[in-house]
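*Asks:* Here you go, my_file.tsv (TSV, C-alpha atoms):
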chain	number	residue	atom	x	y	z
A	36	MET	CA	186.27	99.71	35.80
A	37	GLY	CA	185.11	102.20	33.25
A	38	GLU	CA	181.64	103.68	33.25
A	39	LEU	CA	180.07	105.87	30.64
A	40	ALA	CA	178.33	108.46	32.76
A	41	GLY	CA	176.01	109.64	30.02
A	42	ALA	CA	176.99	113.25	30.54
A	43	GLY	CA	174.27	114.60	28.33
A	44	LYS	CA	175.72	117.98	27.68
A	45	ILE	CA	177.69	119.67	30.45
A	46	ASP	CA	178.01	123.42	30.01
A	47	PRO	CA	181.33	124.29	31.66
A	48	ARG	CA	180.40	127.95	32.07
A	49	GLU	CA	178.05	127.49	35.01
A	50	ALA	CA	180.64	126.20	37.49
A	51	ALA	CA	183.15	128.83	36.36
A	52	ALA	CA	180.65	131.68	36.69
A	53	ARG	CA	179.62	130.63	40.19
A	54	ARG	CA	183.23	130.42	41.35
A	55	ARG	CA	184.22	133.77	39.86
A	56	LEU	CA	181.21	135.50	41.39
A	57	SER	CA	181.93	133.90	44.76
A	58	GLU	CA	185.29	135.71	44.81
A	59	ILE	CA	183.60	139.13	44.79
A	60	GLY	CA	182.83	140.75	48.14
A	61	THR	CA	179.45	142.32	47.36
A	62	ILE	CA	177.51	142.12	44.11
A	63	LEU	CA	175.12	145.05	43.67
A	64	PRO	CA	172.80	144.70	40.66
A	65	VAL	CA	170.94	147.99	40.13
A	66	VAL	CA	167.44	147.08	38.96
A	67	SER	CA	164.04	148.52	38.18
A	68	SER	CA	160.96	147.18	36.53
A	69	LYS	CA	160.77	150.36	34.45
A	70	GLY	CA	163.21	151.99	32.06
A	71	GLY	CA	164.31	155.62	32.20
A	72	VAL	CA	164.44	155.78	35.99
A	73	GLY	CA	168.18	156.48	36.18
A	74	LYS	CA	169.68	153.03	36.75
A	75	SER	CA	172.72	153.57	34.55
A	76	LEU	CA	173.56	156.96	36.00
A	77	LEU	CA	173.06	155.73	39.54
A	78	SER	CA	175.17	152.59	38.87
A	79	THR	CA	178.00	154.63	37.39
A	80	VAL	CA	178.08	157.33	40.07
A	81	LEU	CA	177.75	154.75	42.82
A	82	ALA	CA	180.69	152.78	41.41
A	83	LEU	CA	182.81	155.95	41.09
A	84	LEU	CA	182.02	156.94	44.68
A	85	LEU	CA	182.85	153.47	46.00
A	86	SER	CA	186.14	153.57	44.14
A	87	ARG	CA	186.99	157.02	45.51
A	88	ARG	CA	186.38	155.71	49.01
A	89	GLY	CA	189.12	153.18	48.38
A	90	TYR	CA	186.98	150.13	47.65
A	91	ARG	CA	188.13	147.86	44.82
A	92	THR	CA	185.20	148.30	42.49
A	93	GLY	CA	184.00	146.76	39.24
A	94	LEU	CA	181.25	148.12	37.01
A	95	LEU	CA	179.47	145.75	34.63
A	96	ASP	CA	176.97	147.04	32.08
A	97	LEU	CA	174.59	144.14	31.49
A	98	ASP	CA	172.10	146.10	29.43
A	99	PHE	CA	172.63	144.12	26.24
A	100	HIS	CA	170.06	146.04	24.23
A	101	SER	CA	170.99	149.52	25.32
A	102	PRO	CA	174.38	149.83	27.02
A	103	SER	CA	175.05	153.38	28.16
A	104	VAL	CA	177.56	153.36	31.01
A	105	HIS	CA	180.40	154.09	28.55
A	106	LEU	CA	178.54	157.26	27.48
A	107	ILE	CA	178.18	158.40	31.08
A	108	LEU	CA	181.86	157.73	31.77
A	109	GLY	CA	182.90	159.32	28.47
A	110	GLU	CA	185.28	156.46	27.74
A	111	ARG	CA	185.17	152.72	27.41
A	112	GLY	CA	188.78	151.54	27.59
A	113	LYS	CA	189.69	148.15	26.22
A	114	PRO	CA	189.50	144.76	27.91
A	115	ARG	CA	192.55	142.50	27.56
A	116	GLU	CA	192.97	138.78	27.14
A	117	ASP	CA	195.13	137.00	29.69
A	118	ARG	CA	194.02	133.57	30.84
A	119	GLY	CA	190.49	134.91	30.46
A	120	LEU	CA	189.06	138.34	29.96
A	121	LEU	CA	190.49	141.26	31.94
A	122	PRO	CA	188.08	144.19	32.19
A	123	ALA	CA	189.08	147.65	30.99
A	124	GLU	CA	190.56	149.82	33.72
A	125	LEU	CA	189.51	153.44	33.92
A	126	GLN	CA	188.57	156.06	36.51
A	127	GLY	CA	189.76	153.71	39.24
A	128	LEU	CA	187.22	151.12	38.08
A	129	LYS	CA	187.30	147.79	36.33
A	130	PHE	CA	184.72	148.14	33.59
A	131	LEU	CA	183.09	145.77	31.14
A	132	SER	CA	180.18	146.19	28.74
A	133	VAL	CA	178.74	144.50	25.67
A	134	ILE	CA	179.87	147.63	23.82
A	135	HIS	CA	183.44	146.30	24.03
A	136	PHE	CA	182.39	143.51	21.66
A	137	SER	CA	179.49	144.87	19.63
A	138	GLY	CA	180.98	148.26	18.82
A	139	GLU	CA	178.29	150.57	17.47
A	140	ARG	CA	176.27	147.84	15.75
A	141	PRO	CA	172.51	147.78	16.47
A	142	LEU	CA	171.92	145.22	19.22
A	143	LEU	CA	169.18	143.12	17.68
A	144	LEU	CA	169.46	140.14	20.00
A	145	ARG	CA	166.97	137.59	21.17
A	146	LYS	CA	166.81	136.40	24.75
A	147	GLU	CA	168.67	133.13	24.13
A	148	GLY	CA	171.68	135.04	22.87
A	149	ILE	CA	171.54	137.43	25.80
A	150	SER	CA	171.35	134.72	28.48
A	151	SER	CA	174.19	132.85	26.87
A	152	SER	CA	176.34	135.98	26.50
A	153	LEU	CA	175.74	136.85	30.13
A	154	LEU	CA	176.91	133.41	31.20
A	155	GLU	CA	179.91	133.71	28.90
A	156	LEU	CA	180.95	137.04	30.43
A	157	LEU	CA	180.45	135.88	34.00
A	158	SER	CA	182.43	132.69	33.42
A	159	THR	CA	185.46	134.17	31.68
A	160	THR	CA	185.91	137.64	33.17
A	161	ARG	CA	188.71	137.84	35.71
A	162	TRP	CA	187.63	140.68	37.97
A	163	GLY	CA	190.25	139.73	40.53
A	164	ALA	CA	189.68	140.60	44.16
A	165	LEU	CA	186.84	143.11	44.28
A	166	ASP	CA	185.04	144.64	47.25
A	167	TYR	CA	182.07	145.65	45.09
A	168	LEU	CA	180.75	144.74	41.66
A	169	VAL	CA	178.04	147.20	40.61
A	170	ILE	CA	175.90	145.83	37.77
A	171	ASP	CA	173.81	148.11	35.59
A	172	MET	CA	170.87	145.88	34.72
A	173	PRO	CA	168.37	146.27	31.88
A	174	PRO	CA	164.82	147.26	32.88
A	175	GLY	CA	162.39	144.53	33.84
A	176	SER	CA	162.49	141.10	35.38
A	177	GLY	CA	163.70	139.17	32.37
A	178	ASP	CA	166.45	136.70	31.68
A	179	GLU	CA	169.35	138.78	32.95
A	180	LEU	CA	167.75	139.17	36.37
A	181	LEU	CA	166.75	135.52	36.57
A	182	GLU	CA	170.22	134.36	35.53
A	183	LEU	CA	171.81	136.51	38.23
A	184	LEU	CA	169.39	135.16	40.81
A	185	ARG	CA	170.44	131.67	39.79
A	186	LEU	CA	174.19	132.20	39.63
A	187	ALA	CA	174.81	134.78	42.36
A	188	ARG	CA	172.61	133.98	45.33
A	189	LYS	CA	174.44	136.50	47.48
A	190	ALA	CA	173.73	139.45	45.13
A	191	GLU	CA	172.09	142.39	46.90
A	192	PHE	CA	169.58	143.98	44.54
A	193	LEU	CA	169.38	147.76	44.65
A	194	LEU	CA	166.00	148.91	43.35
A	195	VAL	CA	165.34	152.23	41.65
A	196	SER	CA	161.95	153.89	41.30
A	197	THR	CA	160.52	157.31	40.60
A	198	PRO	CA	157.59	158.82	42.54
A	199	ALA	CA	155.25	158.26	39.55
A	200	ARG	CA	152.45	155.89	40.48
A	201	LEU	CA	152.88	153.72	37.37
A	202	CYS	CA	156.51	153.20	38.26
A	203	ARG	CA	155.93	152.71	41.99
A	204	GLU	CA	153.31	150.05	41.54
A	205	SER	CA	155.49	148.19	39.10
A	206	VAL	CA	158.53	148.39	41.41
A	207	GLU	CA	156.43	147.25	44.37
A	208	ARG	CA	155.56	144.18	42.32
A	209	MET	CA	159.26	143.65	41.66
A	210	VAL	CA	160.01	143.89	45.40
A	211	ARG	CA	157.45	141.16	46.03
A	212	GLY	CA	158.95	139.08	43.24
A	213	LEU	CA	162.49	139.38	44.56
A	214	ARG	CA	161.34	138.61	48.09
A	215	GLY	CA	159.42	135.57	46.83
A	216	ALA	CA	162.54	134.37	45.03
A	217	GLY	CA	164.52	134.64	48.27
A	218	ALA	CA	166.74	137.41	46.87
A	219	ARG	CA	168.64	139.80	49.10
A	220	MET	CA	167.80	143.46	48.70
A	221	ALA	CA	170.22	146.29	49.44
A	222	GLY	CA	167.30	148.73	49.47
A	223	LEU	CA	165.48	151.18	47.27
A	224	VAL	CA	166.39	154.58	45.86
A	225	GLU	CA	163.69	157.01	44.76
A	226	ASN	CA	164.95	159.13	41.88
A	227	PHE	CA	163.50	162.45	40.63
A	228	SER	CA	162.06	162.83	44.10
A	229	SER	CA	161.90	165.42	46.85
A	230	SER	CA	159.71	163.67	49.42
A	231	PRO	CA	159.73	159.89	49.52
A	232	TYR	CA	156.80	157.57	49.19
A	233	PRO	CA	156.19	155.39	52.28
A	234	TRP	CA	157.61	152.20	50.78
A	235	GLU	CA	156.74	148.89	52.39
A	236	GLY	CA	158.72	145.69	52.35
A	237	VAL	CA	161.96	147.33	51.28
A	238	ARG	CA	164.43	149.63	52.98
A	239	LEU	CA	164.44	153.15	51.55
A	240	LEU	CA	168.07	154.20	51.20
A	241	GLY	CA	167.26	157.74	50.12
A	242	THR	CA	165.92	160.06	47.49
A	243	ILE	CA	167.66	161.78	44.59
A	244	ARG	CA	166.38	165.16	43.47
A	245	HIS	CA	165.97	166.07	39.82
A	246	ASP	CA	169.21	167.72	38.80
A	247	PRO	CA	169.14	169.71	35.53
A	248	GLU	CA	172.95	170.07	35.67
A	249	VAL	CA	173.59	166.38	35.30
A	250	GLU	CA	172.98	166.27	31.53
A	251	GLY	CA	175.82	168.71	30.93
A	252	ALA	CA	178.17	166.57	33.02
A	253	MET	CA	177.59	163.38	31.03
A	254	GLY	CA	180.82	161.92	29.74
A	255	ARG	CA	182.93	163.65	32.38
A	256	ALA	CA	183.33	161.63	35.56
A	257	ASP	CA	184.99	164.48	37.47
A	258	ARG	CA	182.13	166.88	36.66
A	259	LEU	CA	179.49	164.26	37.39
A	260	LEU	CA	180.87	163.84	40.88
A	261	ARG	CA	180.39	167.57	41.53
A	262	THR	CA	176.65	167.55	40.73
A	263	SER	CA	173.85	167.53	43.30
A	264	PHE	CA	172.89	164.13	41.82
A	265	ALA	CA	176.24	162.75	43.01
A	266	ARG	CA	175.82	164.38	46.43
A	267	ASP	CA	172.46	162.66	46.80
A	268	VAL	CA	173.98	159.33	45.71
A	269	GLU	CA	176.71	159.88	48.30
A	270	ARG	CA	174.00	160.11	50.99
A	271	VAL	CA	172.39	156.94	49.63
A	272	LEU	CA	175.76	155.21	49.79
A	273	GLU	CA	176.34	156.33	53.38
A	274	GLU	CA	172.95	154.99	54.36
A	275	TYR	CA	173.68	151.69	52.61
A	276	LEU	CA	177.10	151.34	54.24
A	277	ARG	CA	175.54	151.99	57.68
A	278	GLY	CA	173.88	148.62	57.12
B	138	MET	CA	194.64	133.21	26.11
B	139	HIS	CA	190.95	132.90	26.68
B	140	GLU	CA	191.34	129.13	26.30
B	141	TRP	CA	192.70	129.05	29.86
B	142	ALA	CA	189.44	130.42	31.28
B	143	ILE	CA	187.45	127.91	29.21
B	144	ALA	CA	189.67	125.09	30.48
B	145	GLU	CA	189.13	126.24	34.08
B	146	GLY	CA	185.38	125.94	33.55
B	147	VAL	CA	185.70	122.50	31.94
B	148	VAL	CA	187.90	121.19	34.77
B	149	GLU	CA	185.61	122.57	37.48
B	150	ALA	CA	182.50	121.21	35.79
B	151	LEU	CA	184.06	117.75	35.31
B	152	LEU	CA	185.37	117.54	38.88
B	153	GLU	CA	181.96	118.61	40.16
B	154	ARG	CA	180.28	115.89	38.09
B	155	GLY	CA	182.89	113.36	39.25
B	156	ARG	CA	182.20	114.20	42.90
B	157	LYS	CA	178.45	113.88	42.40
B	158	GLU	CA	178.90	110.46	40.80
B	159	GLY	CA	181.31	109.32	43.52
B	160	ALA	CA	184.07	108.76	40.97
B	161	ARG	CA	187.66	108.03	41.94
B	162	ARG	CA	188.95	109.11	38.56
B	163	ILE	CA	187.73	110.58	35.31
B	164	THR	CA	189.42	108.55	32.62
B	165	ARG	CA	188.10	109.99	29.39
B	166	PHE	CA	185.92	112.82	28.16
B	167	THR	CA	184.79	114.36	24.91
B	168	LEU	CA	184.72	118.09	24.34
B	169	THR	CA	182.73	119.57	21.50
B	170	LEU	CA	184.05	122.89	20.23
B	171	GLY	CA	181.67	125.12	18.36
B	172	GLU	CA	183.66	126.71	15.56
B	173	ILE	CA	182.16	130.19	15.95
B	174	GLN	CA	184.28	130.84	19.04
B	175	GLY	CA	187.54	130.06	17.23
B	176	VAL	CA	189.10	128.23	20.17
B	177	GLU	CA	192.62	126.91	19.59
B	178	GLU	CA	192.57	123.22	20.37
B	179	GLU	CA	196.25	122.91	21.29
B	180	LEU	CA	196.09	125.81	23.76
B	181	LEU	CA	192.96	124.34	25.29
B	182	ARG	CA	194.56	120.88	25.63
B	183	LEU	CA	197.64	122.42	27.23
B	184	ALA	CA	195.54	124.34	29.75
B	185	LEU	CA	193.43	121.26	30.51
B	186	ARG	CA	196.54	119.17	31.19
B	187	GLU	CA	198.02	121.86	33.47
B	188	LEU	CA	194.82	122.41	35.42
B	189	SER	CA	194.13	118.68	35.83
B	190	ARG	CA	197.39	118.00	37.65
B	191	GLY	CA	196.88	116.45	41.06
B	192	THR	CA	193.13	116.03	40.51
B	193	PRO	CA	191.00	112.96	39.63
B	194	LEU	CA	191.13	114.30	36.07
B	195	GLU	CA	194.90	113.95	35.68
B	196	GLY	CA	195.86	111.78	32.74
B	197	ALA	CA	192.33	111.60	31.33
B	198	GLU	CA	192.08	110.97	27.60
B	199	ILE	CA	190.67	114.04	25.87
B	200	LYS	CA	188.73	113.64	22.67
B	201	VAL	CA	187.87	116.82	20.78
B	202	GLU	CA	185.06	117.10	18.25
B	203	ARG	CA	184.14	120.17	16.26
B	204	GLU	CA	180.76	121.53	15.30
B	205	ARG	CA	180.44	123.78	12.32
B	206	GLY	CA	178.88	127.22	12.80
B	207	ARG	CA	175.39	127.41	11.32
B	208	VAL	CA	172.98	130.31	11.22
B	209	GLY	CA	169.30	130.28	10.36
B	210	CYS	CA	167.11	133.13	9.15
B	211	ARG	CA	163.86	133.57	11.04
B	212	GLY	CA	162.45	135.48	8.10
B	213	CYS	CA	162.79	133.03	5.20
B	214	GLY	CA	164.17	129.91	6.90
B	215	PHE	CA	167.44	129.86	4.95
B	216	GLU	CA	170.36	128.18	6.75
B	217	TRP	CA	174.04	128.59	6.05
B	218	SER	CA	177.54	128.36	7.54
B	219	PRO	CA	178.93	131.89	7.58
B	220	GLU	CA	182.56	132.87	7.13
B	221	VAL	CA	183.84	134.79	10.16
B	222	GLY	CA	185.92	137.79	9.19
B	223	SER	CA	188.97	138.96	11.10
B	224	GLU	CA	187.17	142.08	12.33
B	225	GLU	CA	184.58	140.12	14.28
B	226	GLU	CA	186.86	137.21	15.22
B	227	GLU	CA	187.98	138.78	18.50
B	228	ALA	CA	184.47	139.72	19.63
B	229	LEU	CA	183.14	136.24	18.79
B	230	HIS	CA	186.03	134.59	20.59
B	231	PHE	CA	184.54	136.03	23.81
B	232	LEU	CA	180.85	136.32	22.91
B	233	PRO	CA	179.97	133.87	20.11
B	234	ASP	CA	176.29	134.65	20.56
B	235	LEU	CA	176.87	138.06	19.01
B	236	LEU	CA	177.42	136.45	15.60
B	237	PRO	CA	174.00	137.56	14.24
B	238	LEU	CA	175.02	141.20	14.77
B	239	PHE	CA	177.67	140.84	12.10
B	240	LEU	CA	175.47	139.17	9.46
B	241	ARG	CA	172.46	139.53	7.22
B	242	CYS	CA	170.55	136.72	5.55
B	243	PRO	CA	172.16	136.21	2.12
B	244	ARG	CA	168.76	135.31	0.67
B	245	CYS	CA	166.29	137.87	2.10
B	246	ASP	CA	168.59	140.41	3.82
B	247	SER	CA	166.88	139.92	7.20
B	248	VAL	CA	168.78	140.69	10.40
B	249	ASP	CA	166.55	138.37	12.49
B	250	LEU	CA	168.94	135.45	12.67
B	251	GLU	CA	169.61	132.63	15.07
B	252	ILE	CA	172.56	130.39	15.71
B	253	LYS	CA	171.65	126.82	14.81
B	254	GLY	CA	174.97	125.21	15.65
B	255	GLY	CA	178.61	125.74	16.47
B	256	ARG	CA	178.35	128.13	19.40
B	257	GLY	CA	180.14	127.47	22.67
B	258	ILE	CA	182.00	124.55	24.14
B	259	TRP	CA	180.55	121.64	26.03
B	260	VAL	CA	181.38	118.25	27.45
B	261	SER	CA	179.46	115.73	25.38
B	262	SER	CA	180.52	112.54	27.16
B	263	LEU	CA	182.70	111.29	29.99
B	264	GLU	CA	183.94	108.05	31.42
B	265	LEU	CA	184.47	107.56	35.13
B	266	GLU	CA	186.19	105.04	37.38
B	267	LYS	CA	184.47	104.45	40.70
When written as structure tokens, how does the structure in this file appear?
*Replies:*
Amino acid sequence: MGELAGAGKIDPREAAARRRLSEIGTILPVVSSKGGVGKSLLSTVLALLLSRRGYRTGLLDLDFHSPSVHLILGERGKPREDRGLLPAELQGLKFLSVIHFSGERPLLLRKEGISSSLLELLSTTRWGALDYLVIDMPPGSGDELLELLRLARKAEFLLVSTPARLCRESVERMVRGLRGAGARMAGLVENFSSSPYPWEGVRLLGTIRHDPEVEGAMGRADRLLRTSFARDVERVLEEYLRG
Amino acid sequence: MHEWAIAEGVVEALLERGRKEGARRITRFTLTLGEIQGVEEELLRLALRELSRGTPLEGAEIKVERERGRVGCRGCGFEWSPEVGSEEEEALHFLPDLLPLFLRCPRCDSVDLEIKGGRGIWVSSLELEK
């Protein structure tokens, strides 16, 4: 007997995104409530270090308004189409960014377009078997963060702050927000820092000192990995992997 | 063949809905294709048939409807159906929501545009057998 189920409107991307994300070992969104704290650089160096340790690693730039991971890497590669979207492969990483589709056009996008694009990317990208997917997130607690919370419950959020009070207080609020939402937190990294603030409610994974050399290493992954910034990120990574 | 990934999503979503409704089979469904994404219907049908094999979706009648791409200007309110050029075709195939980046309002030259119709793909109806 037939029955019209009154589907309303079923968006097929949700189920696909959940399944694809469930195939990834660990999802590490790098977040901060403030901009300019070093999320993109930390995401990129962290992904490069994970890859050099032999982990199968993906790097996803989800900063739809201001993607910059390709500038840090010095290349962007080209995704391919094969039963879905295959990320670019470079520097031992699988890499995807809005830049692959927007080119150099100004990214004047409203939040509806961003949420929908995020869902589109998560539902069609074939990352394959990955140990880690590092996600460079835009600043703030907007749609991208909420969508990830909804679609990837197992994501472990890695928070970034600076020692500045305005930043710390805002990040502390974000910690409370993530905890209230039941999100998992990998820990917190304090950037531009020499002695850490006594953070509460979140595990401090380490500090990263200000490194004036890092600017000159932008666009060269090999040089970036020889900076003191990368050595500090390596210590953060070791602390994280200790669990 | 991005259509394959879309079909995977459609099949998963339909099977999930079927399970929730306690259906033995899904006998018919309607897919609406927004034209901005430039999805090839035949490739999509082929992928849907392949992926449905051995599932409660096998043999279901597939009806496909199309929705024209429409863009509205938030500045002056003008609405139109834009032509998609070959340069942006590939980008929009994967991310149809980026369409406003490639356009300006033909009436007031604004870049503050929104998609009013024709983005994405969705299941607009289905028929189950319990």
*Asks:* Find the spatial neighbours of Gly175 of chain B, counting all atoms listed in the file, within a cut-off of 8 Å - ignore same-chain residues fewer than 6 positions away - and output them as JSON, numbers by chain.
*Replies:* {"B": [226, 229, 230]}
*Asks:* Which residues are close to Pro233 of chain B, i.e. within 8 Å by all atoms listed in the file, leaving aside same-chain residues fewer than 5 positions away? Reply as number ranges by chain.
*Replies:* A: 152; B: 173-174, 228, 256-257
*Asks:* Could those residues be written to a file, using C-alpha atoms, as a PDB file, keeping the file's coordinate frame?
*Replies:*
ATOM      1  CA  SER A 152     176.340 135.980  26.500  1.00  0.00           C
TER       2      SER A 152
ATOM      3  CA  ILE B 173     182.160 130.190  15.950  1.00  0.00           C
ATOM      4  CA  GLN B 174     184.280 130.840  19.040  1.00  0.00           C
ATOM      5  CA  ALA B 228     184.470 139.720  19.630  1.00  0.00           C
ATOM      6  CA  ARG B 256     178.350 128.130  19.400  1.00  0.00           C
ATOM      7  CA  GLY B 257     180.140 127.470  22.670  1.00  0.00           C
TER       8      GLY B 257
END
*Asks:* Pull out every residue of chain B that has at least one atom within 6 Å of chain A, counting all atoms listed in the file, and report them as a PyMOL selection string.
*Replies:* chain B and resi 138-139+141-142+146-147+150+228+232+234+259-266
*Asks:* Point out the residue among B:Leu170, B:Ala160, B:Ile143, B:Leu250 with the least atom-to-atom distance to Leu185 of chain B, counting all atoms listed in the file.
*Replies:* B:Ile143
*Asks:* Out of A:Gly241, A:Pro247, A:Gly127, A:Pro233, which residue has the shortest atom-to-atom distance to Arg270 of chain A when counting all atoms listed in the file?
*Replies:*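 Residue with the minimum atom-to-atom distance to Arg270 of chain A: A:Gly241.
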*Asks:* Using all atoms listed in the file, can you tell me which of B:Ile199, B:Leu152, B:Cys213, B:Leu188 comes closest to Leu168 of chain B?
*Replies:* B:Ile199
*Asks:* Would you work out the distance separating atom CA of Gly222 of chain B from atom CA of Glu145 of chain B, expressed in Å to one decimal?
*Replies:*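 Taking atom CA of Gly222 of chain B as the start and atom CA of Glu145 of chain B as the end point, the length is 27.6 Å.
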*Asks:* Please complete segment 81-99 of chain A so it has N, CA and C atoms, and hand it over as a CSV table (one decimal), keeping the file's coordinate frame.
*Replies:*
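Ended up saving to result30.csv:
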chain,number,residue,atom,x,y,z
A,81,LEU,N,177.5,155.6,41.6
A,81,LEU,CA,177.8,154.8,42.8
A,81,LEU,C,179.1,154.0,42.7
A,82,ALA,N,179.4,153.5,41.6
A,82,ALA,CA,180.7,152.8,41.4
A,82,ALA,C,181.9,153.8,41.6
A,83,LEU,N,181.7,154.9,41.0
A,83,LEU,CA,182.8,156.0,41.1
A,83,LEU,C,183.0,156.4,42.5
A,84,LEU,N,181.9,156.5,43.3
A,84,LEU,CA,182.0,156.9,44.7
A,84,LEU,C,182.6,155.8,45.5
A,85,LEU,N,182.2,154.6,45.3
A,85,LEU,CA,182.8,153.5,46.0
A,85,LEU,C,184.4,153.4,45.8
A,86,SER,N,184.7,153.6,44.5
A,86,SER,CA,186.1,153.6,44.1
A,86,SER,C,186.9,154.7,44.8
A,87,ARG,N,186.3,155.9,44.9
A,87,ARG,CA,187.0,157.0,45.5
A,87,ARG,C,187.1,156.9,47.0
A,88,ARG,N,186.3,156.0,47.6
A,88,ARG,CA,186.4,155.7,49.0
A,88,ARG,C,187.4,154.6,49.3
A,89,GLY,N,188.0,154.2,48.2
A,89,GLY,CA,189.1,153.2,48.4
A,89,GLY,C,188.7,151.7,48.2
A,90,TYR,N,187.4,151.5,47.9
A,90,TYR,CA,187.0,150.1,47.6
A,90,TYR,C,187.4,149.7,46.3
A,91,ARG,N,187.8,148.4,46.1
A,91,ARG,CA,188.1,147.9,44.8
A,91,ARG,C,186.8,147.6,44.1
A,92,THR,N,186.5,148.3,43.1
A,92,THR,CA,185.2,148.3,42.5
A,92,THR,C,185.2,147.9,41.0
A,93,GLY,N,184.2,147.1,40.6
A,93,GLY,CA,184.0,146.8,39.2
A,93,GLY,C,182.6,147.3,38.8
A,94,LEU,N,182.5,147.6,37.5
A,94,LEU,CA,181.2,148.1,37.0
A,94,LEU,C,181.0,147.3,35.7
A,95,LEU,N,179.8,146.6,35.8
A,95,LEU,CA,179.5,145.8,34.6
A,95,LEU,C,178.2,146.2,34.0
A,96,ASP,N,178.2,146.6,32.8
A,96,ASP,CA,177.0,147.0,32.1
A,96,ASP,C,176.3,145.8,31.4
A,97,LEU,N,175.2,145.3,32.0
A,97,LEU,CA,174.6,144.1,31.5
A,97,LEU,C,173.3,144.5,30.7
A,98,ASP,N,173.2,145.7,30.3
A,98,ASP,CA,172.1,146.1,29.4
A,98,ASP,C,172.5,145.8,28.0
A,99,PHE,N,172.2,144.6,27.6
A,99,PHE,CA,172.6,144.1,26.2
A,99,PHE,C,171.9,144.8,25.1
